[in-house]
$ cat upload.csv   # CSV, C-alpha atoms
chain,number,residue,atom,x,y,z
A,1,LEU,CA,127.4,142.1,117.9
A,2,SER,CA,128.4,145.6,117.5
A,3,GLU,CA,125.7,148.3,117.3
A,4,ALA,CA,126.2,148.7,113.6
A,5,ASN,CA,126.0,145.0,113.0
A,6,ARG,CA,122.9,144.7,115.2
A,7,VAL,CA,121.2,147.5,113.2
A,8,ALA,CA,122.1,145.8,109.9
A,9,TYR,CA,120.9,142.5,111.2
A,10,ASP,CA,117.6,144.0,112.4
A,11,LYS,CA,117.1,145.7,109.0
A,12,ALA,CA,117.8,142.4,107.2
A,13,VAL,CA,115.3,140.6,109.4
A,14,ASP,CA,112.7,143.4,108.7
A,15,ARG,CA,113.3,143.1,105.0
A,16,PHE,CA,112.9,139.3,105.2
A,17,TYR,CA,109.5,139.7,107.0
A,18,VAL,CA,108.3,142.4,104.6
A,19,SER,CA,109.3,140.2,101.6
A,20,ARG,CA,107.4,137.3,103.2
A,21,ILE,CA,104.3,139.4,103.7
A,22,TYR,CA,104.6,140.7,100.1
A,23,GLU,CA,104.9,137.1,98.7
A,24,GLU,CA,101.9,135.9,100.8
A,25,ASP,CA,99.9,138.9,99.5
A,26,MET,CA,100.9,138.2,95.9
A,27,GLN,CA,100.0,134.6,96.3
A,28,ASN,CA,96.6,135.5,97.7
A,29,LYS,CA,96.0,137.8,94.8
A,30,VAL,CA,97.0,135.1,92.3
A,31,GLU,CA,94.7,132.6,94.0
A,32,ASP,CA,91.8,135.1,94.1
A,33,ALA,CA,92.3,135.9,90.4
A,34,MET,CA,92.4,132.2,89.5
A,35,ARG,CA,89.2,131.6,91.6
A,36,GLU,CA,87.5,134.5,89.9
A,37,GLY,CA,88.6,133.3,86.5
A,38,ARG,CA,87.2,129.8,87.2
A,39,GLU,CA,83.9,131.2,88.5
A,40,LYS,CA,83.6,133.4,85.4
A,41,GLY,CA,84.4,130.5,83.1
A,42,MET,CA,81.9,128.3,84.8
A,43,ARG,CA,79.2,131.0,84.6
A,44,GLU,CA,79.9,131.7,80.9
A,45,GLY,CA,79.9,127.9,80.2
A,46,ARG,CA,76.5,127.5,82.0
A,47,GLU,CA,75.1,130.4,80.0
A,48,GLU,CA,76.4,129.0,76.7
A,49,GLY,CA,75.0,125.6,77.6
A,50,MET,CA,71.6,127.0,78.4
A,51,ARG,CA,71.6,129.0,75.2
A,52,GLU,CA,72.6,126.0,73.1
A,53,GLY,CA,70.0,123.9,75.0
A,54,ARG,CA,67.2,126.4,74.2
A,55,GLU,CA,68.2,126.5,70.5
A,56,GLU,CA,68.3,122.7,70.3
A,57,GLY,CA,64.9,122.6,72.0
A,58,LYS,CA,63.4,125.0,69.6
A,59,LYS,CA,64.8,123.0,66.6
A,60,GLU,CA,63.3,119.8,68.1
A,61,GLY,CA,60.0,121.5,68.7
A,62,LYS,CA,59.8,122.8,65.2
A,63,LYS,CA,60.6,119.3,63.8
A,64,GLU,CA,58.0,117.7,66.0
A,65,ALA,CA,55.4,120.3,64.9
A,66,LYS,CA,56.2,119.6,61.2
A,67,LEU,CA,55.8,115.8,61.8
A,68,GLU,CA,52.5,116.4,63.6
A,69,ASP,CA,51.2,118.6,60.8
A,70,ALA,CA,52.3,116.0,58.3
A,71,GLN,CA,50.5,113.3,60.2
A,72,ASN,CA,47.4,115.4,60.3
A,73,PHE,CA,47.6,116.1,56.5
A,74,LYS,CA,48.1,112.4,55.8
A,75,ARG,CA,45.0,111.5,57.9
A,76,LEU,CA,43.1,114.0,55.8
A,77,GLY,CA,44.2,112.3,52.6
A,78,VAL,CA,46.4,115.2,51.4
A,79,PRO,CA,48.9,113.9,48.8
A,80,ALA,CA,52.5,113.4,49.9
A,81,ASP,CA,54.0,115.9,47.5
A,82,ILE,CA,51.7,118.7,48.9
A,83,ILE,CA,52.6,117.6,52.5
A,84,ALA,CA,56.3,117.8,51.6
A,85,LYS,CA,55.8,121.3,50.2
A,86,ALA,CA,53.8,122.5,53.2
A,87,THR,CA,56.0,121.1,55.9
A,88,GLY,CA,59.4,121.0,54.3
A,89,LEU,CA,59.7,117.3,55.1
A,90,SER,CA,61.1,114.8,52.6
A,91,ALA,CA,59.0,112.2,50.9
A,92,GLU,CA,60.8,109.5,52.9
A,93,GLU,CA,60.0,111.2,56.2
A,94,ILE,CA,56.3,111.5,55.2
A,95,ALA,CA,56.2,107.8,54.1
A,96,LYS,CA,57.4,106.7,57.6
A,97,LEU,CA,54.4,108.4,59.2
$ encode --input "upload.csv" --output "C-alpha cells"
Amino acid sequence: LSEANRVAYDKAVDRFYVSRIYEEDMQNKVEDAMREGREKGMREGREEGMREGREEGKKEGKKEAKLEDAQNFKRLGVPADIIAKATGLSAEEIAKL
C-alpha cells in the first residue's frame, strides 16, 4: 500500500473501532435505562399494591367491627331497625347474625 492508502486505511480502521465503542456504550446506556425503568416500575407497583392492601384491610376491618357491634346489639335485645341505623348494615345482614 502507498503511504496515502495506508493512512486512509488506518483512519478507516480507527473510525470502525470508535463506532464499535460508541455502539457498545449506547447499548449499555439503553440496557441501564431499561433496567432502571423496570426497577422503578416494580417499586411503584409494590407501593401501589401495599396501598391498596392497606385500604382493603381497613374496609374489611370496618365491616367486621360493624358486624361485631350488630351481634352485640342483637344479644342485648336491640331491635333490628335500630341496629341497622346504628351500624349501617342491612336488615338481611343483621338477620344472618
$ atom_distance --input "upload.csv" --atom1 "CA of Ser90 (chain A)" --atom2 "CA of Gly77 (chain A)"
17.1 Å
$ atom_distance --input "upload.csv" --atom1 "CA of Ala80 (chain A)" --atom2 "CA of Glu68 (chain A)"
14.0 Å
$ closest_residue --input "upload.csv" --among "A:Arg35, A:Ile94, A:Asp14, A:Ser19" --to "Arg75 (chain A)" --atoms "only C-alpha atoms"
A:Ile94
$ atom_distance --input "upload.csv" --atom1 "CA of Thr87 (chain A)" --atom2 "CA of Leu67 (chain A)"
7.9 Å
$ closest_residue --input "upload.csv" --among "A:Lys58, A:Lys96, A:Arg46, A:Lys29" --to "Ala70 (chain A)" --atoms "only C-alpha atoms"
A:Lys96
